[in-house]
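Colleague: Coordinates in protein16.cif, mmCIF, C-alpha atoms, are listed below.
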```cif
data_final
loop_
_atom_site.label_atom_id
_atom_site.label_comp_id
_atom_site.auth_asym_id
_atom_site.auth_seq_id
_atom_site.Cartn_x
_atom_site.Cartn_y
_atom_site.Cartn_z
CA MET R 10 90.48 -61.26 191.00
CA LYS R 11 92.20 -57.93 191.02
CA LYS R 12 95.29 -58.58 189.00
CA LEU R 13 95.66 -57.69 185.36
CA LEU R 14 99.02 -58.98 184.19
CA THR R 15 98.37 -58.91 180.46
CA PHE R 16 96.27 -56.31 178.71
CA ALA R 17 94.73 -57.15 175.41
CA ALA R 18 94.11 -54.62 172.73
CA ALA R 19 94.84 -54.67 168.97
CA ALA R 20 96.18 -51.62 167.70
CA ALA R 21 97.86 -49.15 165.72
CA LEU R 22 99.05 -46.19 167.74
CA ALA R 23 98.93 -42.80 166.14
CA LEU R 24 100.30 -39.81 167.94
CA SER R 25 98.27 -37.31 165.96
CA LEU R 26 94.65 -36.86 167.03
CA VAL R 27 91.97 -37.47 164.43
CA SER R 28 88.30 -36.72 164.39
CA CYS R 29 85.66 -38.99 165.86
CA GLY R 30 85.22 -42.18 163.81
CA SER R 31 81.98 -43.32 162.29
CA THR R 32 80.16 -46.52 163.00
CA GLY R 33 79.92 -49.30 160.48
CA GLY R 34 77.81 -52.40 160.15
CA ALA R 35 77.75 -55.72 158.38
CA GLU R 36 75.91 -55.77 155.08
CA LYS R 37 72.82 -57.68 156.04
CA ALA R 38 69.12 -57.04 156.14
CA PRO R 39 68.23 -54.38 158.71
CA LYS R 40 66.62 -55.62 161.88
CA ALA R 41 65.51 -54.06 165.13
CA GLY R 42 68.45 -53.11 167.32
CA TYR R 43 72.01 -51.89 166.76
CA PRO R 44 74.07 -53.07 163.78
CA HIS R 45 77.01 -55.39 164.48
CA PRO R 46 79.87 -55.64 163.82
CA MET R 47 80.47 -51.93 164.31
CA THR R 48 83.09 -49.46 165.48
CA TYR R 49 82.61 -47.69 168.82
CA THR R 50 84.20 -44.31 169.39
CA LEU R 51 85.01 -43.94 173.09
CA ASP R 52 86.52 -40.76 174.50
CA ILE R 53 88.60 -41.33 177.63
CA ALA R 54 87.37 -38.28 179.52
CA SER R 55 83.77 -39.46 179.12
CA ALA R 56 84.61 -42.49 181.28
CA THR R 57 86.05 -40.47 184.17
CA LYS R 58 84.67 -38.60 187.12
CA ASP R 59 85.59 -34.91 186.85
CA GLY R 60 88.23 -35.69 184.22
CA VAL R 61 90.59 -37.56 186.57
CA ILE R 62 91.95 -41.10 186.14
CA VAL R 63 92.82 -42.43 189.59
CA MET R 64 95.75 -44.85 189.83
CA GLN R 65 96.71 -47.26 192.62
CA ASP R 66 99.62 -49.42 193.75
CA ASN R 67 99.27 -52.85 192.10
CA SER R 68 102.58 -54.26 193.33
CA GLN R 69 100.92 -57.32 194.88
CA TYR R 70 99.57 -58.51 191.52
CA GLY R 71 101.28 -56.53 188.76
CA THR R 72 104.26 -57.43 186.60
CA PRO R 73 107.42 -55.57 187.69
CA GLY R 74 108.41 -52.90 185.20
CA GLN R 75 105.07 -53.11 183.46
CA SER R 76 101.88 -52.97 185.57
CA THR R 77 102.67 -52.34 189.25
CA ARG R 78 100.81 -49.02 188.98
CA GLN R 79 97.29 -49.55 187.70
CA THR R 80 93.95 -47.81 187.23
CA SER R 81 91.93 -47.96 190.44
CA TYR R 82 89.33 -50.74 190.58
CA THR R 83 87.33 -48.85 193.20
CA GLN R 84 87.33 -45.49 191.39
CA LYS R 85 86.91 -46.97 187.96
CA THR R 86 87.19 -45.34 184.56
CA SER R 87 84.04 -46.77 183.01
CA TRP R 88 81.84 -46.21 179.97
CA TYR R 89 79.07 -48.36 181.48
CA ASN R 90 76.35 -45.69 181.37
CA ILE R 91 77.33 -44.81 177.80
CA VAL R 92 77.45 -48.30 176.26
CA LYS R 93 74.62 -49.78 178.36
CA PRO R 94 72.07 -49.70 175.50
CA ASN R 95 74.55 -51.35 173.10
CA LYS R 96 77.51 -53.17 174.64
CA PRO R 97 80.50 -54.20 172.50
CA GLN R 98 80.46 -57.70 171.05
CA LYS R 99 83.07 -60.00 169.56
CA GLY R 100 83.98 -58.76 166.10
CA ASP R 101 83.41 -55.08 166.88
CA LYS R 102 86.14 -52.45 167.05
CA ILE R 103 86.81 -49.74 169.62
CA HIS R 104 88.25 -46.43 168.41
CA LEU R 105 89.81 -44.99 171.56
CA VAL R 106 90.54 -41.28 171.60
CA GLY R 107 91.51 -38.76 174.24
CA ARG R 108 94.10 -36.42 175.67
CA ILE R 109 95.76 -37.23 178.99
CA THR R 110 98.28 -35.41 181.15
CA SER R 111 100.47 -37.32 183.63
CA GLU R 112 101.98 -35.96 186.83
CA ILE R 113 105.25 -37.83 186.13
CA ASP R 114 107.36 -39.07 183.22
CA ILE R 115 106.28 -42.53 182.08
CA ASP R 116 108.40 -44.60 179.72
CA SER R 117 105.65 -47.05 178.72
CA LEU R 118 101.93 -46.91 179.55
CA MET R 119 99.81 -50.00 178.91
CA VAL R 120 96.26 -49.45 177.65
CA SER R 121 93.36 -51.90 177.62
CA VAL R 122 89.57 -52.12 177.76
CA VAL R 123 88.19 -54.70 180.21
CA ASP R 124 84.90 -56.07 181.53
CA ASN R 125 84.02 -57.09 185.09
CA ALA R 126 81.12 -59.51 184.56
CA GLY R 127 81.29 -62.70 186.62
CA GLY R 128 83.31 -61.27 189.50
CA GLY R 129 86.67 -60.82 187.73
CA TRP R 130 88.28 -58.82 184.96
CA THR R 131 87.95 -60.08 181.39
CA VAL R 132 89.99 -58.37 178.70
CA LEU R 133 87.66 -57.29 175.90
CA THR R 134 90.30 -56.39 173.33
CA GLU R 135 93.27 -58.24 171.83
CA GLY R 136 96.94 -57.45 171.44
CA GLU R 137 98.98 -55.05 173.54
CA ASN R 138 99.00 -51.28 173.37
CA PHE R 139 101.79 -49.19 174.84
CA LEU R 140 102.02 -45.42 174.85
CA LYS R 141 105.70 -44.44 174.81
CA GLY R 142 107.57 -41.44 176.15
CA ILE R 143 104.91 -39.64 178.16
CA GLN R 144 106.36 -36.47 179.71
CA ALA R 145 105.23 -34.99 183.01
CA ASN R 146 102.65 -32.20 182.67
CA VAL R 147 102.67 -32.40 178.85
CA PRO R 148 99.34 -33.34 177.19
CA TYR R 149 99.52 -36.65 175.30
CA ASP R 150 97.07 -37.41 172.49
CA ILE R 151 95.67 -40.94 172.18
CA ASP R 152 94.16 -42.32 168.98
CA MET R 153 94.04 -46.09 168.57
CA GLU R 154 91.78 -48.82 167.27
CA MET R 155 91.24 -52.11 169.13
CA ASN R 156 89.60 -55.37 168.04
CA VAL R 157 86.94 -56.66 170.45
CA VAL R 158 87.41 -60.39 171.10
CA ASN R 159 85.04 -60.89 174.06
CA LYS R 160 81.48 -59.71 174.55
CA ALA R 161 80.96 -57.15 177.30
CA GLY R 162 78.60 -58.46 179.96
CA GLY R 163 79.14 -56.00 182.78
CA GLU R 164 81.08 -52.76 182.46
CA CYS R 165 83.30 -51.44 179.70
CA MET R 166 86.31 -50.02 181.55
CA LEU R 167 89.58 -48.34 180.58
CA VAL R 168 92.64 -49.70 182.39
CA LEU R 169 96.03 -48.01 182.30
CA ALA R 170 99.21 -49.37 183.89
CA TYR R 171 102.91 -48.60 184.15
CA GLY R 172 105.94 -49.94 186.01
CA GLU R 173 107.42 -48.93 189.34
CA GLN R 174 110.58 -47.60 187.65
CA ASN R 175 108.56 -44.47 186.79
CA GLY R 176 108.01 -43.67 190.46
CA GLY R 177 104.97 -43.75 192.70
CA VAL R 178 101.26 -43.58 191.99
CA ALA R 179 100.46 -40.59 189.79
CA ASN R 180 96.99 -39.72 188.56
CA PHE R 181 96.10 -38.50 185.07
CA LYS R 182 93.98 -35.61 183.88
CA ALA R 183 91.78 -36.42 180.89
CA GLU R 184 90.52 -33.87 178.37
CA LYS R 185 87.55 -34.57 176.13
CA VAL R 186 88.31 -34.41 172.41
CA ALA R 187 85.36 -36.22 170.79
CA GLU R 188 81.80 -37.34 171.37
CA CYS R 189 81.30 -41.02 172.11
CA ASP R 190 79.48 -43.03 169.43
CA ILE R 191 77.82 -46.37 170.19
CA GLY R 192 76.07 -46.81 166.86
CA THR R 193 72.73 -45.97 165.34
CA PRO R 194 69.84 -48.34 166.10
CA GLN R 195 67.92 -49.90 163.22
CA GLY R 196 64.19 -50.37 163.44
CA ASP R 197 62.31 -49.98 166.70
CA ILE R 198 64.34 -50.36 169.87
CA GLU R 199 63.31 -49.58 173.41
CA VAL R 200 65.95 -48.37 175.85
CA ILE R 201 64.77 -48.83 179.44
CA GLU R 202 66.35 -46.53 181.99
CA ASN R 203 66.98 -47.46 185.60
CA HIS R 204 64.43 -46.23 188.15
CA LYS R 205 65.02 -42.75 189.55
CA GLU R 206 62.94 -42.76 192.74
CA PRO R 207 63.62 -45.13 195.70
CA LYS R 208 61.55 -48.31 195.73
CA VAL R 209 61.01 -51.39 197.88
CA TYR R 210 62.07 -54.85 196.68
CA GLU R 211 60.25 -57.74 198.34
CA PHE R 212 62.09 -61.06 198.33
CA ASP R 213 61.36 -64.50 199.76
CA LEU R 214 64.97 -65.50 200.20
CA SER R 215 64.43 -68.93 201.71
CA LYS R 216 65.78 -70.69 198.63
CA ASP R 217 68.71 -68.28 198.30
CA MET R 218 69.53 -69.11 201.90
CA ALA R 219 68.86 -72.84 201.65
CA TYR R 220 72.05 -73.75 203.49
CA VAL R 221 73.62 -70.92 205.44
CA VAL R 222 76.49 -71.66 207.81
CA MET R 223 77.41 -69.09 210.43
CA GLU R 224 81.15 -69.76 210.53
CA PRO R 225 83.86 -68.30 212.78
CA GLU R 226 85.30 -65.04 211.44
CA TYR R 227 88.95 -64.63 212.40
CA PRO R 228 91.09 -61.47 212.60
CA TRP R 229 93.17 -60.46 209.58
CA VAL R 230 96.93 -60.20 210.00
CA ASP R 231 99.05 -58.99 207.04
CA GLY R 232 96.28 -59.83 204.59
CA VAL R 233 95.68 -63.36 205.94
CA GLN R 234 93.09 -64.56 208.44
CA ASP R 235 94.69 -65.95 211.59
CA THR R 236 92.69 -69.13 212.22
CA MET R 237 94.79 -69.87 215.29
CA ALA R 238 93.43 -66.77 217.05
CA ASP R 239 90.08 -66.55 218.81
CA PRO R 240 87.23 -65.79 216.39
CA LEU R 241 85.76 -62.30 216.41
CA LEU R 242 82.19 -63.43 215.71
CA TYR R 243 80.16 -65.88 213.61
CA SER R 244 79.09 -64.75 210.15
CA ALA R 245 77.77 -65.71 206.72
CA LYS R 246 77.53 -63.96 203.35
CA VAL R 247 74.52 -64.50 201.09
CA GLU R 248 74.89 -62.97 197.65
CA ILE R 249 71.66 -61.74 196.07
CA THR R 250 73.05 -59.95 193.01
CA LYS R 251 71.00 -62.13 190.65
CA ARG R 252 67.85 -60.57 192.12
CA PHE R 253 68.61 -57.31 190.30
CA ASP R 254 68.87 -56.38 186.63
CA LYS R 255 72.04 -54.32 186.25
CA ASP R 256 70.78 -52.61 183.09
CA THR R 257 67.22 -51.74 184.05
CA ASP R 258 66.61 -52.23 187.77
CA TRP R 259 69.82 -51.71 189.75
CA PRO R 260 69.58 -50.47 193.39
CA ILE R 261 69.94 -46.76 194.07
CA PRO R 262 70.40 -44.91 197.40
CA GLY R 263 67.19 -45.07 199.42
CA ASP R 264 65.99 -48.34 197.91
CA LYS R 265 64.86 -50.93 200.46
CA ILE R 266 64.81 -54.72 200.53
CA LYS R 267 62.02 -56.37 202.48
CA VAL R 268 63.11 -59.91 203.26
CA TYR R 269 61.10 -63.01 204.16
CA TRP R 270 63.02 -66.06 205.40
CA LYS R 271 61.52 -69.32 206.63
CA THR R 272 64.29 -71.39 208.15
CA ARG R 273 65.44 -73.72 210.91
CA ALA R 274 68.68 -73.34 212.89
CA ASN R 275 70.51 -76.13 214.70
CA ASN R 276 71.64 -73.84 217.49
CA ASP R 277 70.17 -71.31 219.88
CA ILE R 278 70.97 -67.73 218.84
CA SER R 279 69.94 -64.94 221.15
CA SER R 280 70.52 -62.15 218.63
CA LEU R 281 71.09 -62.35 214.85
CA ASN R 282 72.27 -59.24 213.00
CA GLY R 283 72.43 -58.27 209.35
CA ARG R 284 73.33 -55.54 206.88
CA LEU R 285 73.99 -54.97 203.17
CA ILE R 286 77.54 -55.03 201.81
CA GLU R 287 79.24 -55.32 198.44
CA ASN R 288 81.59 -58.29 198.26
CA THR R 289 83.19 -58.03 194.80
CA PRO R 290 86.62 -57.34 193.28
CA ALA R 291 85.37 -53.88 192.25
CA VAL R 292 85.52 -52.76 195.90
CA ASN R 293 88.45 -54.91 196.98
CA TRP R 294 85.95 -57.45 198.36
CA TRP R 295 84.27 -55.25 200.98
CA LYS R 296 82.20 -52.10 201.04
CA GLU R 297 79.43 -51.00 203.41
CA ILE R 298 76.30 -50.06 201.41
CA ASP R 299 73.76 -50.26 204.24
CA VAL R 300 72.18 -47.11 205.64
CA ASN R 301 73.18 -48.32 209.12
CA GLY R 302 76.80 -48.76 208.08
CA GLY R 303 78.94 -51.27 209.93
CA LYS R 304 76.71 -51.44 212.97
CA GLY R 305 73.90 -53.08 211.00
CA GLN R 306 70.70 -54.04 212.76
CA VAL R 307 69.13 -56.86 214.74
CA ILE R 308 67.01 -58.98 212.39
CA ALA R 309 65.96 -61.77 214.80
CA GLU R 310 66.08 -62.56 218.50
CA ASN R 311 65.74 -65.70 220.59
CA ILE R 312 66.06 -68.21 217.75
CA LYS R 313 65.61 -71.71 219.22
CA ALA R 314 67.43 -74.77 217.95
CA ASP R 315 65.38 -77.03 215.63
CA GLU R 316 62.37 -74.74 215.70
CA VAL R 317 60.99 -73.16 212.53
CA SER R 318 61.55 -69.41 212.39
CA GLU R 319 59.61 -67.18 210.01
CA LEU R 320 61.65 -64.01 209.83
CA GLU R 321 60.86 -60.64 208.29
CA PHE R 322 63.33 -57.78 208.15
CA GLU R 323 64.25 -54.80 205.96
CA PHE R 324 67.46 -53.22 204.71
CA GLU R 325 68.03 -49.83 203.09
CA PHE R 326 70.80 -48.91 200.63
CA SER R 327 73.01 -45.98 201.56
CA GLU R 328 74.50 -45.95 198.05
CA ALA R 329 74.31 -47.83 194.79
CA PRO R 330 76.48 -50.96 194.60
CA ILE R 331 78.98 -51.27 191.76
CA ASP R 332 78.89 -54.97 190.88
CA GLY R 333 77.01 -56.93 193.51
CA VAL R 334 74.80 -57.08 196.58
CA THR R 335 75.35 -59.37 199.56
CA ILE R 336 73.44 -59.82 202.80
CA TYR R 337 75.95 -60.14 205.63
CA LEU R 338 74.60 -62.09 208.62
CA TYR R 339 76.46 -62.21 211.93
CA ASN R 340 76.20 -62.74 215.65
CA ASP R 341 78.72 -62.04 218.39
CA LEU R 342 80.33 -64.79 220.42
CA SER R 343 77.97 -64.38 223.35
CA ALA R 344 74.85 -64.83 221.18
CA SER R 345 75.47 -68.54 220.49
CA ASN R 346 77.66 -71.40 221.61
CA GLY R 347 79.37 -71.84 218.26
CA SER R 348 78.73 -72.15 214.55
CA SER R 349 75.13 -72.47 213.38
CA LEU R 350 73.52 -74.10 210.35
CA PHE R 351 70.34 -72.59 208.89
CA THR R 352 68.36 -74.81 206.52
CA TYR R 353 65.47 -74.13 204.16
CA VAL R 354 62.04 -75.13 205.42
CA ARG R 355 59.56 -76.28 202.79
CA ASP R 356 55.96 -75.17 203.08
#
```
Mind converting the file's structure to structure tokens?
Modeller:
Amino acid sequence: MKKLLTFAAAAALALSLVSCGSTGGAEKAPKAGYPHPMTYTLDIASATKDGVIVMQDNSQYGTPGQSTRQTSYTQKTSWYNIVKPNKPQKGDKIHLVGRITSEIDIDSLMVSVVDNAGGGWTVLTEGENFLKGIQANVPYDIDMEMNVVNKAGGECMLVLAYGEQNGGVANFKAEKVAECDIGTPQGDIEVIENHKEPKVYEFDLSKDMAYVVMEPEYPWVDGVQDTMADPLLYSAKVEITKRFDKDTDWPIPGDKIKVYWKTRANNDISSLNGRLIENTPAVNWWKEIDVNGGKGQVIAENIKADEVSELEFEFEFSEAPIDGVTIYLYNDLSASNGSSLFTYVRD
């Protein structure tokens, strides 16, 4: 879900900038790993790309006067690569620092830290933080402390929001003022980095695709599918995100997936196509991540009803997904005489 109507964060706002905070830990016997509870110092600029916070129109989901302009969920402001070895947990604190410059005057700017595990946004911090009286083109110093009330499972993202009374969508420039601090590990701890060179994943996806229905896909009109219109094609989405470890083995551009699929269809299909997409809230539910783009590729031909098909095909990533990986299967109207059901075939 894209909307973020209430931002949680506990906090005391201070308008004067202070130096980077130090981490703390509970008084208990040292053990391997990072000490918790602890205080994270997170600098806003360190979460951005090229020091820019990209905003978007959130009128469809936001609260008027409060959050109809919101940090982009496709061009996120994320500390994921920084906190990956040691993600915030319940009971920790986040010391948020930074210097931002707005393109417009903003009467009240909401600030929160959120997570995107499980397909939606979960607020990591409690309370509500508002930055007041931001002036256009005047640097504004941020220094606040937030209590973490939910464990981060996916990303650790900064979200800013303001109301439509301030005007249109205006981006922010962020200036780095402190080094990020995610704690000091105790004992021996191994941090595994993601692979750097393209690789080939080999999956037998029969069980993932145990029951796949190629359903009619209708045209979209004003954000709603028109089921009274003629379908455009027949399609199915098979999510395979669980096949990858987001921390240590996440797909990169050039990676390939070699797929094995033993199945039986209840319909003749002359040509079955497929490609990789991302189907998550982080990309507004659709992004092409296949090297062939939207045209995809033919993965099977002349499938006969009620006959066992042992299929092998391969996909290649054009870019790294953000939150998920889905195999999109489809055939045009002329390739079959309607919807098709694929079922798992046991050996």
Colleague: Decode the PyMOL selection byres ((chain R and resi 173-177) around 7) for the given file into explicit residues and return them as a ChimeraX atom specification.
Modeller: /R:73-74,77-78,114-115,171-172,178-179
Colleague: List the neighbours of R:Ser280 out to 6 Å using only C-alpha atoms; skip same-chain residues closer than 5 positions along the sequence, and give me the result as a ChimeraX atom specification.
Modeller: /R:309-310,344
Colleague: Skip R:Val106 itself and residues of its chain fewer than 4 positions away, then list as a list in words all residues within 8 Å of it, counting all atoms listed in the file.
Modeller: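 Listing them by chain and then by number gives Leu26, Cys29, Thr50, Leu51, Asp52, Ile53, Asp150, Ile151, Asp152, Met153, Val186 and Ala187 of chain R.
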Colleague: Under the rule that all atoms listed in the file are counted, which of R:Trp130, R:Tyr339, R:Trp295, R:Trp270 is the nearest residue to R:Ser318?
Modeller: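 The answer is R:Trp270, which sits nearest to R:Ser318.
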Colleague: With the file shown as input, list the residues that the PyMOL selection byres ((chain R and resi 326) around 6) selects, as a list in words.
Modeller: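 With the PyMOL selection byres ((chain R and resi 326) around 6) on this model, the match is Pro262, Gly263, Asp264, Ile298, Asp299, Val300, Glu325, Ser327 and Glu328 of chain R.
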Colleague: Considering all atoms listed in the file, can you say which of R:Ile331, R:Met119, R:Val158, R:Ile286 comes closest to R:Lys99?
Modeller: R:Val158
Colleague: Return as AutoDock Vina command-line options the box centre and box size in Å, one decimal, for an axis-aligned box around all listed atoms of stretch 292-308 of chain R padded by 4 Å per side.
Modeller:
```
--center_x 77.7 --center_y -53.0 --center_z 205.3 --size_x 29.4 --size_y 19.9 --size_z 26.8
```
Colleague: Just say which residues the PyMOL selection byres ((chain R and resi 287) around 7) picks in this file, as an MDAnalysis selection string.
Modeller: chainID R and resid 286 288:289 295:298 330 333:335
Colleague: If we count only C-alpha atoms, what is near R:Asn282 at a cut-off of 6 Å, once residues fewer than 3 positions away on the same chain are taken out, given as a list in words?
Modeller: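 What passes the distance filter is Gln306, Val307, Ile308, Leu338, Tyr339 and Asn340 of chain R.
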Colleague: Residues as selected, C-alpha atoms, written as a short mmCIF file (atom, residue, chain, number, x, y, z; two decimals), in the coordinates of the input, can you do that?
Modeller:
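What ended up in again_16.cif:
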```cif
data_model
loop_
_atom_site.label_atom_id
_atom_site.label_comp_id
_atom_site.auth_asym_id
_atom_site.auth_seq_id
_atom_site.Cartn_x
_atom_site.Cartn_y
_atom_site.Cartn_z
CA GLN R 306 70.70 -54.04 212.76
CA VAL R 307 69.13 -56.86 214.74
CA ILE R 308 67.01 -58.98 212.39
CA LEU R 338 74.60 -62.09 208.62
CA TYR R 339 76.46 -62.21 211.93
CA ASN R 340 76.20 -62.74 215.65
#
```
Colleague: Please provide as a PDB file with C-alpha atoms, in the frame of the given file all residues within 12 Å of R:Gly162, with the sequence filter that same-chain residues fewer than 2 positions apart are discarded (counting only C-alpha atoms).
Modeller:
```pdb
ATOM      1  CA  TYR R  89      79.070 -48.360 181.480  1.00  0.00           C
ATOM      2  CA  VAL R  92      77.450 -48.300 176.260  1.00  0.00           C
ATOM      3  CA  LYS R  93      74.620 -49.780 178.360  1.00  0.00           C
ATOM      4  CA  PRO R  94      72.070 -49.700 175.500  1.00  0.00           C
ATOM      5  CA  ASN R  95      74.550 -51.350 173.100  1.00  0.00           C
ATOM      6  CA  LYS R  96      77.510 -53.170 174.640  1.00  0.00           C
ATOM      7  CA  PRO R  97      80.500 -54.200 172.500  1.00  0.00           C
ATOM      8  CA  GLN R  98      80.460 -57.700 171.050  1.00  0.00           C
ATOM      9  CA  LYS R  99      83.070 -60.000 169.560  1.00  0.00           C
ATOM     10  CA  VAL R 123      88.190 -54.700 180.210  1.00  0.00           C
ATOM     11  CA  ASP R 124      84.900 -56.070 181.530  1.00  0.00           C
ATOM     12  CA  ASN R 125      84.020 -57.090 185.090  1.00  0.00           C
ATOM     13  CA  ALA R 126      81.120 -59.510 184.560  1.00  0.00           C
ATOM     14  CA  GLY R 127      81.290 -62.700 186.620  1.00  0.00           C
ATOM     15  CA  GLY R 128      83.310 -61.270 189.500  1.00  0.00           C
ATOM     16  CA  GLY R 129      86.670 -60.820 187.730  1.00  0.00           C
ATOM     17  CA  TRP R 130      88.280 -58.820 184.960  1.00  0.00           C
ATOM     18  CA  THR R 131      87.950 -60.080 181.390  1.00  0.00           C
ATOM     19  CA  VAL R 132      89.990 -58.370 178.700  1.00  0.00           C
ATOM     20  CA  LEU R 133      87.660 -57.290 175.900  1.00  0.00           C
ATOM     21  CA  ASN R 159      85.040 -60.890 174.060  1.00  0.00           C
ATOM     22  CA  LYS R 160      81.480 -59.710 174.550  1.00  0.00           C
ATOM     23  CA  GLU R 164      81.080 -52.760 182.460  1.00  0.00           C
ATOM     24  CA  CYS R 165      83.300 -51.440 179.700  1.00  0.00           C
ATOM     25  CA  MET R 166      86.310 -50.020 181.550  1.00  0.00           C
ATOM     26  CA  ASP R 254      68.870 -56.380 186.630  1.00  0.00           C
ATOM     27  CA  LYS R 255      72.040 -54.320 186.250  1.00  0.00           C
ATOM     28  CA  ASP R 256      70.780 -52.610 183.090  1.00  0.00           C
ATOM     29  CA  ASP R 332      78.890 -54.970 190.880  1.00  0.00           C
TER      30      ASP R 332
END
```
Colleague: Looking at R:Leu320, R:Ile113, R:Val157, R:Met237, which one is nearest to R:Gly142, with distances taken over all atoms listed in the file?
Modeller: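 Using all atoms listed in the file, R:Gly142 sits closest to R:Ile113.
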Colleague: To one decimal place, how far is atom CA of R:Ser76 from atom CA of R:Thr134 in Å?
Modeller: 17.2 Å
Colleague: Separation of atom CA of R:Val292 and atom CA of R:Ala56, in Å?
Modeller: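 Straight-line distance from atom CA of R:Val292 to atom CA of R:Ala56 works out to 17.9 Å.
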Colleague: Missing atoms in stretch 210-216 of chain R should be modelled up to all heavy atoms and reported as a PDB file, in the frame of the given file.
Modeller:
```
ATOM      1  N   TYR R 210      62.032 -53.509 197.237  1.00  0.00           N
ATOM      2  CA  TYR R 210      62.070 -54.850 196.680  1.00  0.00           C
ATOM      3  C   TYR R 210      61.574 -55.817 197.755  1.00  0.00           C
ATOM      4  O   TYR R 210      61.993 -55.713 198.913  1.00  0.00           O
ATOM      5  CB  TYR R 210      63.490 -55.261 196.288  1.00  0.00           C
ATOM      6  CG  TYR R 210      64.140 -54.421 195.223  1.00  0.00           C
ATOM      7  CD1 TYR R 210      64.867 -53.277 195.556  1.00  0.00           C
ATOM      8  CD2 TYR R 210      64.064 -54.778 193.884  1.00  0.00           C
ATOM      9  CE1 TYR R 210      65.484 -52.513 194.579  1.00  0.00           C
ATOM     10  CE2 TYR R 210      64.679 -54.019 192.903  1.00  0.00           C
ATOM     11  CZ  TYR R 210      65.392 -52.885 193.255  1.00  0.00           C
ATOM     12  OH  TYR R 210      66.003 -52.132 192.291  1.00  0.00           O
ATOM     13  N   GLU R 211      60.716 -56.728 197.384  1.00  0.00           N
ATOM     14  CA  GLU R 211      60.250 -57.740 198.340  1.00  0.00           C
ATOM     15  C   GLU R 211      60.714 -59.111 197.862  1.00  0.00           C
ATOM     16  O   GLU R 211      60.377 -59.539 196.758  1.00  0.00           O
ATOM     17  CB  GLU R 211      58.726 -57.698 198.480  1.00  0.00           C
ATOM     18  CG  GLU R 211      58.222 -56.407 199.093  1.00  0.00           C
ATOM     19  CD  GLU R 211      56.740 -56.481 199.462  1.00  0.00           C
ATOM     20  OE1 GLU R 211      56.173 -57.594 199.425  1.00  0.00           O
ATOM     21  OE2 GLU R 211      56.169 -55.433 199.795  1.00  0.00           O
ATOM     22  N   PHE R 212      61.517 -59.774 198.693  1.00  0.00           N
ATOM     23  CA  PHE R 212      62.090 -61.060 198.330  1.00  0.00           C
ATOM     24  C   PHE R 212      61.748 -62.123 199.373  1.00  0.00           C
ATOM     25  O   PHE R 212      61.820 -61.868 200.572  1.00  0.00           O
ATOM     26  CB  PHE R 212      63.629 -60.986 198.263  1.00  0.00           C
ATOM     27  CG  PHE R 212      64.153 -60.086 197.176  1.00  0.00           C
ATOM     28  CD1 PHE R 212      65.386 -59.473 197.314  1.00  0.00           C
ATOM     29  CD2 PHE R 212      63.428 -59.864 196.021  1.00  0.00           C
ATOM     30  CE1 PHE R 212      65.890 -58.650 196.342  1.00  0.00           C
ATOM     31  CE2 PHE R 212      63.911 -59.044 195.023  1.00  0.00           C
ATOM     32  CZ  PHE R 212      65.145 -58.437 195.181  1.00  0.00           C
ATOM     33  N   ASP R 213      61.377 -63.307 198.911  1.00  0.00           N
ATOM     34  CA  ASP R 213      61.360 -64.500 199.760  1.00  0.00           C
ATOM     35  C   ASP R 213      62.685 -65.194 199.500  1.00  0.00           C
ATOM     36  O   ASP R 213      62.871 -65.828 198.461  1.00  0.00           O
ATOM     37  CB  ASP R 213      60.176 -65.397 199.410  1.00  0.00           C
ATOM     38  CG  ASP R 213      60.116 -66.636 200.289  1.00  0.00           C
ATOM     39  OD1 ASP R 213      61.084 -66.892 201.027  1.00  0.00           O
ATOM     40  OD2 ASP R 213      59.107 -67.351 200.234  1.00  0.00           O
ATOM     41  N   LEU R 214      63.602 -65.036 200.425  1.00  0.00           N
ATOM     42  CA  LEU R 214      64.970 -65.500 200.200  1.00  0.00           C
ATOM     43  C   LEU R 214      65.236 -66.891 200.772  1.00  0.00           C
ATOM     44  O   LEU R 214      66.385 -67.287 200.911  1.00  0.00           O
ATOM     45  CB  LEU R 214      65.959 -64.501 200.798  1.00  0.00           C
ATOM     46  CG  LEU R 214      65.993 -63.144 200.094  1.00  0.00           C
ATOM     47  CD1 LEU R 214      67.047 -62.268 200.727  1.00  0.00           C
ATOM     48  CD2 LEU R 214      66.273 -63.298 198.618  1.00  0.00           C
ATOM     49  N   SER R 215      64.205 -67.617 201.110  1.00  0.00           N
ATOM     50  CA  SER R 215      64.430 -68.930 201.710  1.00  0.00           C
ATOM     51  C   SER R 215      65.297 -69.817 200.821  1.00  0.00           C
ATOM     52  O   SER R 215      66.226 -70.477 201.292  1.00  0.00           O
ATOM     53  CB  SER R 215      63.083 -69.618 201.978  1.00  0.00           C
ATOM     54  OG  SER R 215      62.345 -68.881 202.928  1.00  0.00           O
ATOM     55  N   LYS R 216      65.012 -69.819 199.505  1.00  0.00           N
ATOM     56  CA  LYS R 216      65.780 -70.690 198.630  1.00  0.00           C
ATOM     57  C   LYS R 216      67.189 -70.171 198.407  1.00  0.00           C
ATOM     58  O   LYS R 216      68.125 -70.941 198.214  1.00  0.00           O
ATOM     59  CB  LYS R 216      65.047 -70.868 197.305  1.00  0.00           C
ATOM     60  CG  LYS R 216      63.733 -71.637 197.462  1.00  0.00           C
ATOM     61  CD  LYS R 216      63.052 -71.870 196.132  1.00  0.00           C
ATOM     62  CE  LYS R 216      61.763 -72.647 196.318  1.00  0.00           C
ATOM     63  NZ  LYS R 216      61.049 -72.878 195.041  1.00  0.00           N
TER      64      LYS R 216
END
```
